[in-house]
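This report concerns only the one structure given below.
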Amino acid sequence: MNAAVRVCLVEDDPIMGESLCERFRLEGFDAHWCTSGAEAMRSLREQAFDVVISDMRLGDTTGEAIFDWAAGALPQAPPFVFITGYGTVDQAVALIKRGACDYVTKPFDLDALVARVLEIASAARAQDEGVPGLEPLGVSAAMQRIEAMLPRLARAASTVLIVGESGVGKERVAQRLHACLPDAARRPFVALNCGAVPETLLEPELFGHEKGAFTGAARSRAGVFEQAHGGTLFLDEIGEMTLAMQVRLLRAVQERQVVRVGGERPIPVDLLLVCATHRDLKAMVAEGTFREDLFYRVNVVQIRVPPLRERREDIPWLIRRFLSDIARQSGEARRHLTPAAEEAALAYPWPGNVRELKHAVERACIMSPAEWITPAALFPDAELPPPAGDVQAPLGDYLRECECRYIRGALESCDGHIGRTAELLGISRKNLWEKMKKLDIGHA
Ligand SMILES: Nc1ncnc2c1ncn2[C@@H]1O[C@H](COP(=O)(O)OP(=O)(O)OP(=O)(O)O)[C@@H](O)[C@H]1O
């Protein structure tokens with residue numbers, strides 16, 4: 001990274017603050033130390049930072065409150081890393097689920113913290129510059145497991161197969177894997193959707209062609225194998241290839257060299273080959289539509305990306321990411337989901353997976369000008385859900401139950417903050433207190 005990483009350190013303990021600040025400066029970071037929450041908010045409003053490192057407990061507020069404030073008040077909130085004590089780990093974990101980057105527990109390894117901050121800053125800058133693949137894949141155990149295995153695969157594997165339903169993020173995983181290669185930014189990442197290219201054009205797309213090889217081939221051209229030399233070739237939808245194309249692909253995969261259409265000279269290619277499919281290749285082998293030898297060649301290491309409905313923890317996290325991306329791109333204030341909309345998003349099966357979720361969030365932001373996105377904005381075509389529970393129950397009981405759940409959800413989403421919850425619900429604090437008392441909702 002060229003420019004110094006700008007770190008905002010929020011720490012009210014003078015010894016800890018000074019030593020952290022000194023270490024970051026010695027490492028070449030541009031470190032700015034704030035000793036209170038108020039000072040941090042002022043600095044965050046006035047200056048741009050790559051990363052915020054904040055203690056969870058501060059004299060005048062909490063790290064969590066600064067995080068929430070930044071998410072709502074800044075057009076582009078920087079990534080947050082929290083410093084936690086023994087008593088605040090649960091809170092920090094909850095914050096990660098809500099979009100914070102990481103946390104370290106005191107006493108922590110300063111070298112590891114410096115390395116982690118550098119990694120986060122590089123990822124954030126890369127994202128700003130549109131370099132895909134450096135952002136985390138998710139917060140669910142399943143996605144974190146995938147993420148954890150990628151550096152090892154980048155070091156050791158030459159062929160990887162990624163399977164999963166359409167829209168789960170297979171290409172995302174491939175980009176993340178590519179990002180784990182040494183000096184990845186300088187290496188090519190080339191993607192080709194084999195299912196989207198007409199059969200006659202697939203061969204020159206893959207292997208290139210020489211001038212005059214076929215009508216319209218006015219110039220010779222390298223195919224994706226050659227273009228990806230030294231980097232990663234992502235071949236999506238390999239299950240859509242004809243058997244004839246599979247033979248040619250097998251040869252290239254086996255021999256690690258290609259011959260351009262109309263050419264004779266074999267061209268060696270050194271690359272990480274990542275194939276992907278939403279199909280059951282094994283079943284295709286059994287029915288004779290996918291070659292067994294190619295299957296074994298590409299299925300050396302398999303990564304299964306689970307559908308979103310099997311990793312629901314990622315849903316709120318992804319929504320927040322998308323909302324932050326939209327705010328950053330549009331320069332508008334960041335939107336939020338009402339608790340009911342979040343609940344609806346969690347309950348929905350998302351057959352189109354992350355792609356469908358992303359589109360739903362984008363559409364909701366375009367269609368609804370309000371700061372808070374409601375279930376109706378997220379699911380404009382949906383019918384109203386049937387009442388939960390016993391439909392024989394008196395209407396009053398049902399409404400009471402709905403109101404109770406809605407208020408609980410709002411309180412949870414505002415971390416129990418009465419003022420913010422009242423604002424979110426559009427009622428006064430007094431009215432909220434009265435409702436909580438009437439509905440017997442405790443306040444933590
Ligand atoms: N972990 C993630 N974080 C952010 N965005 C994601 C993530 N996973 C997927 N997406 C987004 O969802 C969309 C679909 O992802 P991607 O193209 O990687 O899925 P896919 O499984 O390769 O789909 P297909 O099988 O249809 O090719 C893309 O817009 C991608 O940016």
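Here's how to read the names in the structure tokens: chain A, B, ... by the order shown, residue numbers from 1 in each chain, ligand numbers from 1 in the order shown.
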
- Non-local contacts of Phe80 in chain A (7 Å; only C-alpha atoms; under 4 positions in same chain excluded) as a PyMOL selection string: chain A and resi 51-53+100-102

- Would you mind listing what lies within 9 Å of Cys365 in chain A as a PyMOL selection string, with only C-alpha atoms counted and same-chain residues fewer than 5 positions away left out? chain A and resi 323+326+335+360+370-371+373+377-378

May I have the residues from that selection written out with C-alpha atoms, as a CSV table (one decimal), in the first residue's frame?
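Output file result_23.csv follows:
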chain,number,residue,atom,x,y,z
A,323,LEU,CA,-26.4,-0.9,2.3
A,326,ILE,CA,-24.9,1.6,-1.9
A,335,ARG,CA,-30.2,3.2,5.0
A,360,ALA,CA,-33.7,-6.9,-3.3
A,370,ALA,CA,-37.1,6.6,3.5
A,371,GLU,CA,-34.1,6.0,5.7
A,373,ILE,CA,-36.4,0.0,4.7
A,377,ALA,CA,-40.0,-2.2,0.4
A,378,LEU,CA,-37.8,-5.4,0.5

For the interface of chain A with ligand 1 (cut-off 6 Å, counting only C-alpha atoms and all ligand atoms), please tabulate each contacting residue of chain A alongside its nearest pair of atoms and their separation in Å to one decimal, rows sorted by chain and increasing number, as CSV.
residue,atom,partner,partner_atom_place_in_ligand_line,distance
A:Leu137,CA,ligand 1,1 (N),3.8
A:Gly138,CA,ligand 1,1 (N),5.3
A:Ser166,CA,ligand 1,25 (O),3.5
A:Gly167,CA,ligand 1,23 (O),3.5
A:Val168,CA,ligand 1,21 (O),4.1
A:Gly169,CA,ligand 1,18 (O),3.2
A:Lys170,CA,ligand 1,21 (O),3.8
A:Glu171,CA,ligand 1,18 (O),3.6
A:Arg172,CA,ligand 1,18 (O),4.0
A:His278,CA,ligand 1,25 (O),5.8
A:Val354,CA,ligand 1,12 (O),4.5
A:Arg355,CA,ligand 1,13 (C),3.9

- Can you list, as a ChimeraX atom specification, every protein, DNA or RNA residue that comes within 10 Å of Leu432 in chain A when you count only C-alpha atoms, leaving out same-chain residues fewer than 2 positions away? /A:407,418-419,421-423,425-430,434-438

Pull N, CA and C atoms from the residues just selected and write them as a compact mmCIF listing (two decimals), in the first residue's frame.
# COMPACT_ATOMS: atom_id res chain seq x y z
N ILE A 407 -41.84 -4.46 19.05
CA ILE A 407 -41.10 -3.57 19.96
C ILE A 407 -39.82 -4.26 20.43
N ILE A 418 -33.42 3.38 24.44
CA ILE A 418 -34.83 3.77 24.40
C ILE A 418 -35.08 4.92 23.42
N GLY A 419 -34.20 5.92 23.46
CA GLY A 419 -34.40 7.09 22.59
C GLY A 419 -34.42 6.69 21.12
N THR A 421 -34.87 3.68 19.87
CA THR A 421 -35.98 2.77 19.56
C THR A 421 -37.26 3.56 19.33
N ALA A 422 -37.49 4.55 20.20
CA ALA A 422 -38.70 5.36 20.06
C ALA A 422 -38.69 6.09 18.72
N GLU A 423 -37.51 6.59 18.37
CA GLU A 423 -37.38 7.30 17.10
C GLU A 423 -37.68 6.36 15.93
N LEU A 425 -39.46 3.69 15.95
CA LEU A 425 -40.87 3.30 15.90
C LEU A 425 -41.79 4.48 15.63
N GLY A 426 -41.22 5.69 15.67
CA GLY A 426 -42.02 6.88 15.39
C GLY A 426 -42.97 7.23 16.52
N ILE A 427 -42.59 6.90 17.76
CA ILE A 427 -43.41 7.28 18.92
C ILE A 427 -42.53 7.99 19.95
N SER A 428 -43.15 8.59 20.95
CA SER A 428 -42.34 9.30 21.94
C SER A 428 -41.72 8.30 22.92
N ARG A 429 -40.70 8.76 23.62
CA ARG A 429 -40.06 7.89 24.63
C ARG A 429 -41.08 7.48 25.68
N LYS A 430 -41.92 8.47 26.07
CA LYS A 430 -42.90 8.21 27.13
C LYS A 430 -43.87 7.11 26.65
N GLU A 434 -44.53 3.41 28.21
CA GLU A 434 -45.88 2.97 28.61
C GLU A 434 -46.23 1.64 27.94
N LYS A 435 -45.88 1.55 26.65
CA LYS A 435 -46.19 0.29 25.92
C LYS A 435 -45.40 -0.87 26.51
N MET A 436 -44.12 -0.59 26.83
CA MET A 436 -43.28 -1.66 27.38
C MET A 436 -43.83 -2.15 28.71
N LYS A 437 -44.36 -1.19 29.49
CA LYS A 437 -44.90 -1.56 30.79
C LYS A 437 -46.17 -2.40 30.59
N LYS A 438 -47.02 -1.91 29.68
CA LYS A 438 -48.29 -2.59 29.42
C LYS A 438 -48.06 -4.01 28.87

DSSP-assigned strand (DSSP E or B) among range 155-384 of chain A, expressed as a PDB file with N, CA and C atoms, in the first residue's frame:
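The result, written out as selection.pdb:
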ATOM      1  N   THR A 159      -5.738 -26.966  -9.068  1.00  0.00           N
ATOM      2  CA  THR A 159      -7.090 -27.064  -9.621  1.00  0.00           C
ATOM      3  C   THR A 159      -8.086 -27.163  -8.461  1.00  0.00           C
ATOM      4  N   VAL A 160      -9.119 -26.335  -8.512  1.00  0.00           N
ATOM      5  CA  VAL A 160     -10.115 -26.319  -7.440  1.00  0.00           C
ATOM      6  C   VAL A 160     -11.495 -26.310  -8.083  1.00  0.00           C
ATOM      7  N   LEU A 161     -12.419 -27.069  -7.502  1.00  0.00           N
ATOM      8  CA  LEU A 161     -13.802 -27.060  -7.997  1.00  0.00           C
ATOM      9  C   LEU A 161     -14.692 -26.419  -6.938  1.00  0.00           C
ATOM     10  N   ILE A 162     -15.484 -25.444  -7.360  1.00  0.00           N
ATOM     11  CA  ILE A 162     -16.411 -24.799  -6.420  1.00  0.00           C
ATOM     12  C   ILE A 162     -17.830 -25.167  -6.842  1.00  0.00           C
ATOM     13  N   VAL A 163     -18.566 -25.777  -5.917  1.00  0.00           N
ATOM     14  CA  VAL A 163     -19.937 -26.159  -6.253  1.00  0.00           C
ATOM     15  C   VAL A 163     -20.908 -25.416  -5.347  1.00  0.00           C
ATOM     16  N   PHE A 189      -6.746 -12.245 -12.993  1.00  0.00           N
ATOM     17  CA  PHE A 189      -7.884 -13.099 -12.634  1.00  0.00           C
ATOM     18  C   PHE A 189      -8.823 -13.027 -13.826  1.00  0.00           C
ATOM     19  N   VAL A 190      -8.987 -14.151 -14.520  1.00  0.00           N
ATOM     20  CA  VAL A 190      -9.798 -14.137 -15.742  1.00  0.00           C
ATOM     21  C   VAL A 190     -10.976 -15.087 -15.541  1.00  0.00           C
ATOM     22  N   ALA A 191     -12.186 -14.582 -15.804  1.00  0.00           N
ATOM     23  CA  ALA A 191     -13.380 -15.410 -15.597  1.00  0.00           C
ATOM     24  C   ALA A 191     -14.097 -15.616 -16.920  1.00  0.00           C
ATOM     25  N   LEU A 192     -14.586 -16.834 -17.116  1.00  0.00           N
ATOM     26  CA  LEU A 192     -15.385 -17.116 -18.312  1.00  0.00           C
ATOM     27  C   LEU A 192     -16.567 -17.986 -17.900  1.00  0.00           C
ATOM     28  N   ASN A 193     -17.759 -17.547 -18.302  1.00  0.00           N
ATOM     29  CA  ASN A 193     -18.938 -18.361 -18.047  1.00  0.00           C
ATOM     30  C   ASN A 193     -19.153 -19.255 -19.262  1.00  0.00           C
ATOM     31  N   HIS A 209      -7.178 -18.037 -30.881  1.00  0.00           N
ATOM     32  CA  HIS A 209      -7.153 -18.445 -32.288  1.00  0.00           C
ATOM     33  C   HIS A 209      -6.074 -17.676 -33.023  1.00  0.00           C
ATOM     34  N   ARG A 221      -5.584 -14.043 -31.519  1.00  0.00           N
ATOM     35  CA  ARG A 221      -6.019 -13.599 -30.196  1.00  0.00           C
ATOM     36  C   ARG A 221      -5.780 -14.687 -29.155  1.00  0.00           C
ATOM     37  N   THR A 232      -5.109 -16.669 -12.132  1.00  0.00           N
ATOM     38  CA  THR A 232      -6.215 -17.604 -11.902  1.00  0.00           C
ATOM     39  C   THR A 232      -7.177 -17.572 -13.075  1.00  0.00           C
ATOM     40  N   LEU A 233      -7.592 -18.761 -13.509  1.00  0.00           N
ATOM     41  CA  LEU A 233      -8.644 -18.863 -14.524  1.00  0.00           C
ATOM     42  C   LEU A 233      -9.882 -19.434 -13.852  1.00  0.00           C
ATOM     43  N   PHE A 234     -10.975 -18.658 -13.889  1.00  0.00           N
ATOM     44  CA  PHE A 234     -12.229 -19.111 -13.282  1.00  0.00           C
ATOM     45  C   PHE A 234     -13.176 -19.524 -14.399  1.00  0.00           C
ATOM     46  N   LEU A 235     -13.438 -20.805 -14.510  1.00  0.00           N
ATOM     47  CA  LEU A 235     -14.364 -21.305 -15.532  1.00  0.00           C
ATOM     48  C   LEU A 235     -15.688 -21.652 -14.864  1.00  0.00           C
ATOM     49  N   ASP A 236     -16.675 -20.796 -15.095  1.00  0.00           N
ATOM     50  CA  ASP A 236     -17.980 -20.987 -14.453  1.00  0.00           C
ATOM     51  C   ASP A 236     -18.835 -21.895 -15.337  1.00  0.00           C
ATOM     52  N   GLN A 257      -1.094 -26.930 -21.220  1.00  0.00           N
ATOM     53  CA  GLN A 257      -0.695 -26.168 -22.414  1.00  0.00           C
ATOM     54  C   GLN A 257      -1.882 -26.132 -23.378  1.00  0.00           C
ATOM     55  N   VAL A 258      -1.911 -25.099 -24.202  1.00  0.00           N
ATOM     56  CA  VAL A 258      -3.026 -24.966 -25.138  1.00  0.00           C
ATOM     57  C   VAL A 258      -2.485 -24.766 -26.554  1.00  0.00           C
ATOM     58  N   VAL A 259      -3.315 -25.119 -27.501  1.00  0.00           N
ATOM     59  CA  VAL A 259      -2.990 -24.846 -28.908  1.00  0.00           C
ATOM     60  C   VAL A 259      -4.128 -23.968 -29.426  1.00  0.00           C
ATOM     61  N   VAL A 261      -6.815 -22.158 -31.830  1.00  0.00           N
ATOM     62  CA  VAL A 261      -7.562 -22.659 -32.985  1.00  0.00           C
ATOM     63  C   VAL A 261      -6.847 -22.147 -34.244  1.00  0.00           C
ATOM     64  N   PRO A 266       2.127 -25.606 -29.321  1.00  0.00           N
ATOM     65  CA  PRO A 266       1.566 -25.675 -27.959  1.00  0.00           C
ATOM     66  C   PRO A 266       2.108 -24.524 -27.098  1.00  0.00           C
ATOM     67  N   ILE A 267       1.227 -23.875 -26.371  1.00  0.00           N
ATOM     68  CA  ILE A 267       1.644 -22.745 -25.530  1.00  0.00           C
ATOM     69  C   ILE A 267       1.475 -23.160 -24.068  1.00  0.00           C
ATOM     70  N   PRO A 268       2.585 -23.204 -23.320  1.00  0.00           N
ATOM     71  CA  PRO A 268       2.445 -23.630 -21.919  1.00  0.00           C
ATOM     72  C   PRO A 268       1.731 -22.569 -21.082  1.00  0.00           C
ATOM     73  N   LEU A 272      -3.700 -21.118 -11.769  1.00  0.00           N
ATOM     74  CA  LEU A 272      -4.599 -21.796 -10.828  1.00  0.00           C
ATOM     75  C   LEU A 272      -5.935 -21.903 -11.546  1.00  0.00           C
ATOM     76  N   LEU A 273      -6.389 -23.133 -11.762  1.00  0.00           N
ATOM     77  CA  LEU A 273      -7.655 -23.322 -12.472  1.00  0.00           C
ATOM     78  C   LEU A 273      -8.767 -23.547 -11.460  1.00  0.00           C
ATOM     79  N   VAL A 274      -9.756 -22.659 -11.489  1.00  0.00           N
ATOM     80  CA  VAL A 274     -10.893 -22.812 -10.586  1.00  0.00           C
ATOM     81  C   VAL A 274     -12.135 -23.022 -11.450  1.00  0.00           C
ATOM     82  N   CYS A 275     -12.746 -24.194 -11.329  1.00  0.00           N
ATOM     83  CA  CYS A 275     -13.966 -24.467 -12.091  1.00  0.00           C
ATOM     84  C   CYS A 275     -15.152 -24.371 -11.132  1.00  0.00           C
ATOM     85  N   ALA A 276     -16.308 -24.021 -11.672  1.00  0.00           N
ATOM     86  CA  ALA A 276     -17.495 -23.929 -10.814  1.00  0.00           C
ATOM     87  C   ALA A 276     -18.697 -24.476 -11.545  1.00  0.00           C
ATOM     88  N   THR A 277     -19.634 -24.962 -10.760  1.00  0.00           N
ATOM     89  CA  THR A 277     -20.884 -25.452 -11.346  1.00  0.00           C
ATOM     90  C   THR A 277     -21.979 -25.483 -10.288  1.00  0.00           C
ATOM     91  N   GLN A 302     -12.534 -29.845  -3.593  1.00  0.00           N
ATOM     92  CA  GLN A 302     -13.872 -29.294  -3.821  1.00  0.00           C
ATOM     93  C   GLN A 302     -14.285 -28.363  -2.685  1.00  0.00           C
ATOM     94  N   ILE A 303     -14.821 -27.204  -3.046  1.00  0.00           N
ATOM     95  CA  ILE A 303     -15.377 -26.297  -2.040  1.00  0.00           C
ATOM     96  C   ILE A 303     -16.878 -26.218  -2.304  1.00  0.00           C
ATOM     97  N   ARG A 304     -17.673 -26.532  -1.297  1.00  0.00           N
ATOM     98  CA  ARG A 304     -19.124 -26.390  -1.464  1.00  0.00           C
ATOM     99  C   ARG A 304     -19.568 -25.096  -0.776  1.00  0.00           C
ATOM    100  N   HIS A 336     -31.202   1.794   6.628  1.00  0.00           N
ATOM    101  CA  HIS A 336     -31.255   0.711   7.631  1.00  0.00           C
ATOM    102  C   HIS A 336     -32.499  -0.122   7.389  1.00  0.00           C
ATOM    103  N   LEU A 337     -32.450  -1.361   7.840  1.00  0.00           N
ATOM    104  CA  LEU A 337     -33.634  -2.207   7.753  1.00  0.00           C
ATOM    105  C   LEU A 337     -34.401  -2.112   9.061  1.00  0.00           C
ATOM    106  N   TRP A 372     -35.453   4.197   6.613  1.00  0.00           N
ATOM    107  CA  TRP A 372     -35.671   2.827   7.098  1.00  0.00           C
ATOM    108  C   TRP A 372     -36.382   2.005   6.047  1.00  0.00           C
ATOM    109  N   ILE A 373     -35.830   0.857   5.748  1.00  0.00           N
ATOM    110  CA  ILE A 373     -36.419  -0.015   4.737  1.00  0.00           C
ATOM    111  C   ILE A 373     -37.377  -0.995   5.421  1.00  0.00           C
TER     112      ILE A 373
END

- Item | Nearby residues (only C-alpha atoms) at most 7 Å from Ala154 in chain A, same-chain spacing under 6 positions excluded, as a PyMOL selection string | chain A and resi 177+180-181

Selection from above, N, CA and C atoms, as a compact mmCIF listing (two decimals), in the first residue's frame, can you write it?
# COMPACT_ATOMS: atom_id res chain seq x y z
N LEU A 177 -9.99 -16.57 -3.29
CA LEU A 177 -8.89 -17.53 -3.39
C LEU A 177 -7.74 -16.89 -4.17
N CYS A 180 -5.52 -14.66 -2.32
CA CYS A 180 -4.57 -15.29 -1.39
C CYS A 180 -3.25 -15.66 -2.07
N LEU A 181 -3.18 -15.54 -3.39
CA LEU A 181 -1.91 -15.85 -4.07
C LEU A 181 -0.91 -14.76 -3.72

- Query: What does the distance from CA of Ala283 in chain A to CA of Leu150 in chain A come to in Å, to one decimal?
  - Reply: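 Spanning CA of Ala283 in chain A to CA of Leu150 in chain A is a straight-line distance of 26.7 Å.
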
- Identify, on the basis of only C-alpha atoms, every residue whose closest approach to Gly223 in chain A does not exceed 10 Å; exclude the query and any residue fewer than 2 positions from it along the same chain; express the result as a ChimeraX atom specification. /A:202-209,220-221,225-228,258-261

- Glu147 in chain A surroundings by only C-alpha atoms, 8 Å radius, close-in-sequence under 4 positions cut, as number ranges by chain: A: 136-137, 143, 151, 176

Write the selection just made, keeping N, CA and C atoms, as a PDB file, in the first residue's frame?
ATOM      1  N   PRO A 136     -14.187 -10.004   3.265  1.00  0.00           N
ATOM      2  CA  PRO A 136     -14.521 -11.310   3.825  1.00  0.00           C
ATOM      3  C   PRO A 136     -15.754 -11.915   3.146  1.00  0.00           C
ATOM      4  N   LEU A 137     -15.892 -13.233   3.267  1.00  0.00           N
ATOM      5  CA  LEU A 137     -16.990 -13.904   2.570  1.00  0.00           C
ATOM      6  C   LEU A 137     -18.269 -13.943   3.382  1.00  0.00           C
ATOM      7  N   MET A 143     -18.945 -20.113   6.032  1.00  0.00           N
ATOM      8  CA  MET A 143     -18.149 -19.256   5.160  1.00  0.00           C
ATOM      9  C   MET A 143     -16.776 -18.995   5.779  1.00  0.00           C
ATOM     10  N   PRO A 151      -6.046 -19.718   2.011  1.00  0.00           N
ATOM     11  CA  PRO A 151      -4.602 -19.480   1.901  1.00  0.00           C
ATOM     12  C   PRO A 151      -3.826 -20.770   1.635  1.00  0.00           C
ATOM     13  N   ARG A 176     -11.663 -14.497  -3.943  1.00  0.00           N
ATOM     14  CA  ARG A 176     -11.022 -14.482  -2.611  1.00  0.00           C
ATOM     15  C   ARG A 176      -9.812 -15.429  -2.602  1.00  0.00           C
TER      16      ARG A 176
END

- Message: Can you pull out the residues contacting Asp270 in chain A? Cut-off 7 Å, using only C-alpha atoms, and skip same-chain residues under 5 positions away; I want them as a PyMOL selection string.
- Response: chain A and resi 229-230+256

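With only C-alpha atoms as the atoms that count, the residue of A:Ala174, A:Ala157, A:Val269, A:Ala327 with the shortest distance to Pro75 in chain A is A:Ala327.
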
- Task: Taking the chain letters and numbering used in this document, name the residues of range 237-427 of chain A that DSSP puts in alpha helix (DSSP H), as JSON, numbers by chain.
- Result: {"A": [243, 244, 245, 246, 247, 248, 249, 250, 251, 252, 253, 254, 255, 281, 282, 283, 284, 285, 286, 287, 292, 293, 294, 295, 296, 297, 298, 314, 315, 316, 317, 318, 319, 320, 321, 322, 323, 324, 325, 326, 327, 328, 329, 330, 339, 340, 341, 342, 343, 344, 345, 346, 347, 353, 354, 355, 356, 357, 358, 359, 360, 361, 362, 363, 364, 365, 366, 367, 375, 376, 377, 378, 395, 396, 397, 398, 399, 400, 401, 402, 403, 404, 405, 406, 407, 408, 409, 410, 411, 412, 413, 418, 419, 420, 421, 422, 423, 424, 425]}

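Proximity of A:Asp30, A:Asp109, A:Asp90, A:Glu11 to Thr61 in chain A, computed with only C-alpha atoms, is greatest for A:Glu11.
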
- Query: Taking into account only C-alpha atoms, which residue in the set A:Glu292, A:Asp381, A:Glu27, A:Glu332 is nearest to Leu250 in chain A?
  - Reply: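 Ranked by minimum distance to Leu250 in chain A, first place goes to A:Glu292.
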
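Distance annotation: of A:Ser330, A:Ala218, A:Ala376, A:Ala142, the residue with the minimal separation from Arg309 in chain A is A:Ala142; atom set is only C-alpha atoms.
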
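A straight line drawn from CA of Arg125 in chain A to CA of Phe108 in chain A is 25.4 Å long.
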
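CA of Pro339 in chain A to CA of Met41 in chain A spans 25.7 Å [interatomic distance, one decimal].
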
- Task: Have a look at A:Met241, A:Ala48, A:Val114, A:Ala77 and name the one nearest to Glu22 in chain A; count only C-alpha atoms.
- Result: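 For Glu22 in chain A, the nearest of the given residues is A:Val114.
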